[in-house]
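Quick notes on the structure that follows.
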Amino acid sequence: MARPVDRIFLGIVIALLSGGFIVFLSASLGLLLREGARLSSIAGSQLMGIGLGAALGYGASLVHYRAWRRFSPYLLLIATALTLLVFVPGVGVSHGGAYRWLDIAGFSFQPAEFLKIGFVLFFAAFLASAREKVQSLRYGLLPFLLLVAVAGAILLLQPDTDSFVILGFTLFVMLLVAGAPLRHLALAALIGSVLFAGLVFAKPYLKERVMTYLNPEAADSKGARWQIDQSLIAIGSGGATGRGFGQSVQKFSYLPEPVGDSIFAVASEEFGFSGAILLIALFLAFLMRGLRIATHAPDSFSGLAALGTVILLSLSAFVNIASMLGLVPLSGLPLPFVSHGGTAMLIALCEVGIVLNISRYQKS
């Protein structure tokens, strides 16, 4: 019997959206000087993304989770087809040498966000069907490696290495929780480490990021090291309570993507250590409450789907924050529920809707 959705989880998401919108408004003031944009236009765009995402999330929360299991193969096929369209001239849009966007009827969106949740739902359905067979190579490690290979072939061609790493780790956690033996997990981790090392040496921009992280003093302060240096200056200058709403200095001419990748640095500068800790605490609460929903889910598929969805969003958030703090190599991931980005917001709130539907049927 269906019950009301998990109000605590919903409340955490609303808090993230509300706080995130305040942070976004504050950070977007830099665009007024940089690009001559109007604040009402910037705010309206973000509100539209939140509104459409909320409607999509509400609709997803009404769809029984078993329907997601039944249609997961078709969702993955559609998501894959859409993502491959980015390579079609006239449909795919290139920006900075990356093919990640589609432009259809004047509407631009990033299909990789749809692809990630498609892989998560499909893998959850497969693992739930395999059950005890997950401990075998045929129904555990090999399907995992095949899915990662397919995702890699699509995402690395764009290139979108950050999304590939996040998705690969999420699928690995799902395989772990499904009960794959330790030796298979160790082999998967070894293959993943070798693959990552190969990518670093094969992709100059990745090598530059990693070398800057390992030896920042040797990097060009006006090149590879610029963003992380400016981020740390912004975070450090915020002090305990911050400079105040809209008072960031770094966002105006120093930090790249102040409403995108670098928005956590802007938030830390304007709202200080206390604001940064509050934002991190909200993401931790999101993760912990989401994991609780997953552990109390009514069956294997719903538990794995909730787990994968929550890990996907939480990991993106923590990698974004950690990269701004210099704890991991710089990433191009947006901060979920906070950064500007229509597609990311729409899909994130749809994913929240799926978890909320699962919460309706969770065991007490």
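Residues are referred to by chain and number: the chain letter is A, B, ... according to the order shown in the structure tokens, the number counts from 1 in that chain, and ligands are numbered separately from 1 in the order shown.
Every protein, DNA or RNA residue with an atom at most 9 Å from Pro329 of chain A, where only C-alpha atoms count and chain neighbours fewer than 6 positions away do not, is listed here: Leu206, Arg209, Val210, Met211, Thr212, Tyr213, Leu214, Val319, Ala322 and Ser323 of chain A.
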> What residues in segment 142-249 of chain A get the DSSP label alpha helix (DSSP H)? Please answer as an MDAnalysis selection string.
Replying inline: chainID A and resid 142:155 161:178 182:202 204:214 226:237
Check which residues of segment 266-313 of chain A sit at most 9 Å from segment 227-242 of chain A using only C-alpha atoms, and return one row each with the closest pair of atoms and their distance in Å to one decimal, ordered by chain and rising number, as a tab-separated table.
residue	atom	partner	partner_atom	distance
A:Val266	CA	A:Ala234	CA	6.5
A:Ala267	CA	A:Ile235	CA	8.1
A:Ser268	CA	A:Ile235	CA	5.0
A:Glu269	CA	A:Gly238	CA	3.8
A:Glu270	CA	A:Gly242	CA	4.5
A:Phe271	CA	A:Gly242	CA	4.1
A:Gly272	CA	A:Gly242	CA	3.6
A:Phe273	CA	A:Ala240	CA	4.7
A:Ser274	CA	A:Thr241	CA	5.9
A:Gly275	CA	A:Thr241	CA	7.2
A:Ala276	CA	A:Ile235	CA	8.9
Export N, CA and C atoms of the chosen residues as a short mmCIF file (atom, residue, chain, number, x, y, z; two decimals), in the first residue's frame?
data_model
loop_
_atom_site.label_atom_id
_atom_site.label_comp_id
_atom_site.auth_asym_id
_atom_site.auth_seq_id
_atom_site.Cartn_x
_atom_site.Cartn_y
_atom_site.Cartn_z
N VAL A 266 32.14 30.75 -4.99
CA VAL A 266 31.43 32.03 -4.81
C VAL A 266 30.59 31.99 -3.54
N ALA A 267 29.90 30.87 -3.31
CA ALA A 267 29.08 30.73 -2.10
C ALA A 267 29.93 30.84 -0.85
N SER A 268 31.12 30.23 -0.89
CA SER A 268 32.00 30.27 0.28
C SER A 268 32.53 31.68 0.53
N GLU A 269 32.80 32.41 -0.55
CA GLU A 269 33.30 33.78 -0.38
C GLU A 269 32.21 34.69 0.19
N GLU A 270 30.99 34.52 -0.26
CA GLU A 270 29.93 35.43 0.15
C GLU A 270 29.24 35.03 1.45
N PHE A 271 29.20 33.73 1.73
CA PHE A 271 28.51 33.27 2.94
C PHE A 271 29.45 32.62 3.95
N GLY A 272 30.72 32.57 3.62
CA GLY A 272 31.74 32.16 4.58
C GLY A 272 31.77 30.68 4.89
N PHE A 273 32.58 30.36 5.89
CA PHE A 273 32.74 28.97 6.32
C PHE A 273 31.41 28.39 6.78
N SER A 274 30.62 29.20 7.48
CA SER A 274 29.34 28.72 8.00
C SER A 274 28.39 28.37 6.86
N GLY A 275 28.35 29.20 5.82
CA GLY A 275 27.50 28.91 4.68
C GLY A 275 27.95 27.69 3.91
N ALA A 276 29.27 27.55 3.75
CA ALA A 276 29.81 26.40 3.04
C ALA A 276 29.51 25.11 3.79
#
> Which residue out of A:Leu182, A:Leu333, A:Leu346, A:Leu327 has the minimum interatomic distance to Gln46 of chain A when only C-alpha atoms are used?
Replying inline: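 That would be A:Leu346, the residue with the smallest distance to Gln46 of chain A.
Residues with any atom within 10 Å of Val150 of chain A, counting only C-alpha atoms and excluding same-chain neighbours fewer than 4 positions away, are Thr80, Phe119, Leu145, Leu146, Ile154 and Leu155 of chain A.
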Resulting file, chosen residues, C-alpha atoms, as a compact mmCIF listing (two decimals), in the first residue's frame:
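File selection.txt, as written:
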# COMPACT_ATOMS: atom_id res chain seq x y z
CA THR A 80 21.79 6.31 -26.02
CA PHE A 119 22.26 3.24 -17.28
CA LEU A 145 32.31 -4.22 -17.73
CA LEU A 146 30.17 -4.27 -20.87
CA ILE A 154 29.82 7.26 -25.91
CA LEU A 155 30.95 9.72 -23.22
>> Using Å and a single decimal, report how far atom CA of Gly290 of chain A sits from atom CA of Met174 of chain A.
In response: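 Going from atom CA of Met174 of chain A over to atom CA of Gly290 of chain A, I get 14.1 Å.
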